[in-house]
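Visitor: Below is the structure I would like to discuss, written out as structure tokens.
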Amino acid sequence: VEVTARHGGRITPDLAEEQLPALIDALAKRNLEITVLTTEVNRADDPTNEKLLATAAKLGVKRYRLGWFKYDDNRPIPAQLADFRPRLLDLAALNRELGITGLWQNHCGPEYVGATVWDLHHLIHDVPKAEIASAFDIRHATVEAGRSWPRLYQLIKPHIGALYMKDFIWADDRDKHVPFGEGRVDPAFFEMLQRDRLNVPISVHVEYLPRGSAQENLQAIGRDFKRLQELLQVASS
């Protein structure tokens with residue numbers, strides 16, 4: 001499972017030493033494990049971040065999702081990327097020390113660093129994938145690149161450490177979450193995945209049910225996961 005360890009999440013960051021072992025034990029009784037720990041971590045020089053990651057790594061969690069880096073509209077982009085780079089290298093060094101991988105999800109929107117993927121590649125192109133990797137989100141990549149999404153995938157492919165699966169449609173000039181397989185994500189993507197044989201976790205998100213019950217969300221996850229399996233099977237035939 002993918003577990004949130006951020007403010008308002010399943011795990012409260014400054015209580016991770018107490019909460020995370022209990023959750024891992026509860027999951028283990030159901031033959032489940034934490035595949036990705038979703039965090040707000042975006043700098044290494046924060047004691048809460050360091051304690052959270054150290055606790056997770058000690059308990060065997062292999063990956064965590066980074067928090068967001070956001071652009072300032074009033075500053076040149078190259079200068080901002082130059083400022084982000086040392087912060088990222090510090091995180092990479094911390095991850096190397098702890099033995100955990102930080103995942104950077106590309107998220108659509110003008111404020112998000114990494115939305116266009118080219119800027120993400122600029123930041124991590126020479127960072128070992130075991131330290132900082134891409135959590136490639138095909139939904140957000142399609143929103144940003146339209147028909148050029150294959151170039152984003154091709155660019156970041158050597159750095160992919162996880163894949164995020166969800167879908168969208170355009171509604172009133174905005175991207176709207178929809179059940180997987182019912183939107184704009186191109187089935188050709190799954191042919192590429194079959195060809196490339198990426199050995200990484202795949203996380204299915206059902207963000208179109210923000211106010212749904214636990215049971216409704218579980219049913220949606222099951223439905224979307226089945227659809228994902230079908231698309232991958234068709235692509236391999």
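Following the order of the structure tokens, first chain is A, next is B, and so on, with residues numbered from 1 inside each chain and ligands from 1 in the order they appear.
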Show me, as a PyMOL selection string, the residues that have an atom within 12 Å of segment 38-47 of chain A when counting only C-alpha atoms, minus same-chain residues fewer than 3 positions from it.

Guide: chain A and resi 1-14+16+34-35+50-54+56+61-70+84-98+101-105+113+132+135+203

Visitor: To test your reading of the structure, identify every residue in segment 16-48 of chain A that backbone DSSP assigns to strand (DSSP E or B), and report it as a count of residues only.

Guide: 4

Visitor: Please compute the atom CA of Lys166 of chain A-atom CA of Leu23 of chain A distance, one decimal, in Å.

Guide: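 Between these atoms lies a distance of 25.8 Å.
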
Visitor: Counting only C-alpha atoms, what is within 10 Å of Cys108 of chain A, bar same-chain residues fewer than 6 positions away, as a PyMOL selection string?

Guide: chain A and resi 114-117+137+139-145+175

Visitor: Could the residues in this selection be saved with N, CA and C atoms as a compact mmCIF listing (two decimals), in the first residue's frame?

Guide:
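Output saved as selection.txt:
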```
# COMPACT_ATOMS: atom_id res chain seq x y z
N GLY A 114 8.93 20.21 -11.91
CA GLY A 114 8.82 18.83 -12.39
C GLY A 114 7.59 18.55 -13.20
N ALA A 115 6.66 19.52 -13.29
CA ALA A 115 5.43 19.31 -14.06
C ALA A 115 5.74 19.02 -15.52
N THR A 116 6.71 19.73 -16.06
CA THR A 116 7.06 19.55 -17.48
C THR A 116 8.06 18.43 -17.69
N VAL A 117 8.55 17.82 -16.63
CA VAL A 117 9.51 16.71 -16.60
C VAL A 117 10.91 17.14 -17.07
N ASP A 137 4.01 9.92 -13.48
CA ASP A 137 2.55 9.96 -13.45
C ASP A 137 2.05 10.26 -14.86
N ARG A 139 -0.95 10.41 -16.07
CA ARG A 139 -2.08 11.34 -16.12
C ARG A 139 -1.59 12.78 -16.18
N HIS A 140 -0.69 13.13 -15.25
CA HIS A 140 -0.20 14.50 -15.20
C HIS A 140 0.69 14.82 -16.40
N ALA A 141 1.45 13.83 -16.86
CA ALA A 141 2.29 14.04 -18.04
C ALA A 141 1.44 14.32 -19.27
N THR A 142 0.30 13.64 -19.39
CA THR A 142 -0.59 13.85 -20.53
C THR A 142 -1.25 15.21 -20.47
N VAL A 143 -1.64 15.64 -19.27
CA VAL A 143 -2.21 16.98 -19.12
C VAL A 143 -1.21 18.03 -19.61
N GLU A 144 0.04 17.90 -19.21
CA GLU A 144 1.05 18.90 -19.53
C GLU A 144 1.51 18.85 -20.98
N ALA A 145 1.68 17.65 -21.52
CA ALA A 145 2.32 17.51 -22.83
C ALA A 145 1.37 17.18 -23.96
N ASP A 175 -8.68 19.97 -16.13
CA ASP A 175 -8.53 18.52 -16.08
C ASP A 175 -9.31 17.97 -14.90
```

Visitor: Write down as a PDB file with C-alpha atoms, in the first residue's frame the residues of segment 22-151 of chain A whose backbone DSSP state falls under alpha helix (DSSP H).

Guide:
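Final file, result-v4.pdb:
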```pdb
ATOM      1  CA  ALA A  22       2.229  -0.114  14.753  1.00  0.00           C
ATOM      2  CA  LEU A  23       0.921   0.390  11.220  1.00  0.00           C
ATOM      3  CA  ILE A  24       3.571  -1.863   9.684  1.00  0.00           C
ATOM      4  CA  ASP A  25       2.694  -4.609  12.188  1.00  0.00           C
ATOM      5  CA  ALA A  26      -1.019  -4.255  11.400  1.00  0.00           C
ATOM      6  CA  LEU A  27      -0.350  -4.448   7.658  1.00  0.00           C
ATOM      7  CA  ALA A  28       1.943  -7.473   8.061  1.00  0.00           C
ATOM      8  CA  PRO A  47      14.943  17.199  12.187  1.00  0.00           C
ATOM      9  CA  THR A  48      11.375  15.906  11.736  1.00  0.00           C
ATOM     10  CA  ASN A  49      12.101  14.878   8.139  1.00  0.00           C
ATOM     11  CA  GLU A  50      15.320  13.140   9.099  1.00  0.00           C
ATOM     12  CA  LYS A  51      13.661  11.265  11.982  1.00  0.00           C
ATOM     13  CA  LEU A  52      10.721  10.226   9.781  1.00  0.00           C
ATOM     14  CA  LEU A  53      12.968   8.863   7.037  1.00  0.00           C
ATOM     15  CA  ALA A  54      15.344   7.180   9.486  1.00  0.00           C
ATOM     16  CA  THR A  55      12.409   5.460  11.186  1.00  0.00           C
ATOM     17  CA  ALA A  56      10.943   4.338   7.859  1.00  0.00           C
ATOM     18  CA  ALA A  57      14.259   3.015   6.574  1.00  0.00           C
ATOM     19  CA  LYS A  58      14.946   1.143   9.815  1.00  0.00           C
ATOM     20  CA  ILE A  77      13.391  29.814 -13.798  1.00  0.00           C
ATOM     21  CA  PRO A  78      17.123  28.995 -14.265  1.00  0.00           C
ATOM     22  CA  ALA A  79      17.970  30.765 -11.022  1.00  0.00           C
ATOM     23  CA  GLN A  80      15.309  28.834  -9.147  1.00  0.00           C
ATOM     24  CA  LEU A  81      16.510  25.509 -10.518  1.00  0.00           C
ATOM     25  CA  ALA A  82      20.034  26.439  -9.440  1.00  0.00           C
ATOM     26  CA  ASP A  83      18.690  26.995  -5.918  1.00  0.00           C
ATOM     27  CA  PHE A  84      16.736  23.730  -5.875  1.00  0.00           C
ATOM     28  CA  ARG A  85      19.712  21.655  -7.002  1.00  0.00           C
ATOM     29  CA  PRO A  86      21.744  21.819  -3.726  1.00  0.00           C
ATOM     30  CA  ARG A  87      18.627  20.999  -1.693  1.00  0.00           C
ATOM     31  CA  LEU A  88      18.054  17.960  -3.883  1.00  0.00           C
ATOM     32  CA  LEU A  89      21.664  16.833  -3.584  1.00  0.00           C
ATOM     33  CA  ASP A  90      21.435  17.124   0.199  1.00  0.00           C
ATOM     34  CA  LEU A  91      18.341  14.913   0.133  1.00  0.00           C
ATOM     35  CA  ALA A  92      20.122  12.443  -2.118  1.00  0.00           C
ATOM     36  CA  ALA A  93      23.008  12.275   0.358  1.00  0.00           C
ATOM     37  CA  LEU A  94      20.606  11.689   3.267  1.00  0.00           C
ATOM     38  CA  ASN A  95      18.803   8.973   1.319  1.00  0.00           C
ATOM     39  CA  ARG A  96      22.125   7.310   0.506  1.00  0.00           C
ATOM     40  CA  GLU A  97      23.087   7.352   4.186  1.00  0.00           C
ATOM     41  CA  LEU A  98      19.746   5.900   5.309  1.00  0.00           C
ATOM     42  CA  TRP A 118      12.316  18.520 -18.462  1.00  0.00           C
ATOM     43  CA  ASP A 119      13.071  20.526 -15.322  1.00  0.00           C
ATOM     44  CA  LEU A 120      12.986  17.370 -13.220  1.00  0.00           C
ATOM     45  CA  HIS A 121      15.449  15.715 -15.579  1.00  0.00           C
ATOM     46  CA  HIS A 122      17.704  18.769 -15.321  1.00  0.00           C
ATOM     47  CA  LEU A 123      17.758  18.376 -11.539  1.00  0.00           C
ATOM     48  CA  ILE A 124      18.284  14.609 -11.256  1.00  0.00           C
ATOM     49  CA  ILE A 138       1.089   9.400 -16.924  1.00  0.00           C
ATOM     50  CA  ARG A 139      -2.080  11.339 -16.120  1.00  0.00           C
ATOM     51  CA  HIS A 140      -0.202  14.504 -15.201  1.00  0.00           C
ATOM     52  CA  ALA A 141       2.292  14.041 -18.039  1.00  0.00           C
ATOM     53  CA  THR A 142      -0.588  13.847 -20.534  1.00  0.00           C
ATOM     54  CA  VAL A 143      -2.207  16.981 -19.124  1.00  0.00           C
ATOM     55  CA  GLU A 144       1.050  18.904 -19.528  1.00  0.00           C
ATOM     56  CA  ALA A 145       2.323  17.510 -22.826  1.00  0.00           C
ATOM     57  CA  TRP A 149       3.757  12.751 -23.557  1.00  0.00           C
ATOM     58  CA  PRO A 150       5.907   9.950 -25.129  1.00  0.00           C
ATOM     59  CA  ARG A 151       8.872  12.356 -25.184  1.00  0.00           C
TER      60      ARG A 151
END
```

Visitor: Given only C-alpha atoms as the basis, pick out the residue of A:Glu230, A:Ser213, A:Ala133, A:Met192 nearest to Ile156 of chain A.

Guide: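 Closest to Ile156 of chain A of all the choices is A:Ala133.
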
Visitor: Check the smallest atom-to-atom distance from each of A:Leu59, A:Leu232, A:Val127, A:Ala188 to Gly99 of chain A using only C-alpha atoms, then report the winner.

Guide: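 Smallest distance to Gly99 of chain A is found for A:Leu59.
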
Visitor: Residues at most 9 Å from Pro187 of chain A, counting only C-alpha atoms, excluding those fewer than 6 positions away in the same chain, as a PyMOL selection string?

Guide: chain A and resi 181+231-232+235

Visitor: Just how far from atom CA of Ala130 of chain A is atom CA of Arg30 of chain A, in Å to one decimal?

Guide: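 Taking atom CA of Arg30 of chain A as the start and atom CA of Ala130 of chain A as the end point, the length is 28.1 Å.
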
Visitor: Distance atom CA of Trp170 of chain A-atom CA of Phe225 of chain A, one decimal place?

Guide: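 Rounded to one decimal, the two atoms are 22.5 Å apart.
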
Visitor: If you count only C-alpha atoms, which residues fall within 9 Å of Ala220 of chain A, apart from same-chain ones fewer than 6 positions away, as number ranges by chain?

Guide: A: 179, 206, 209
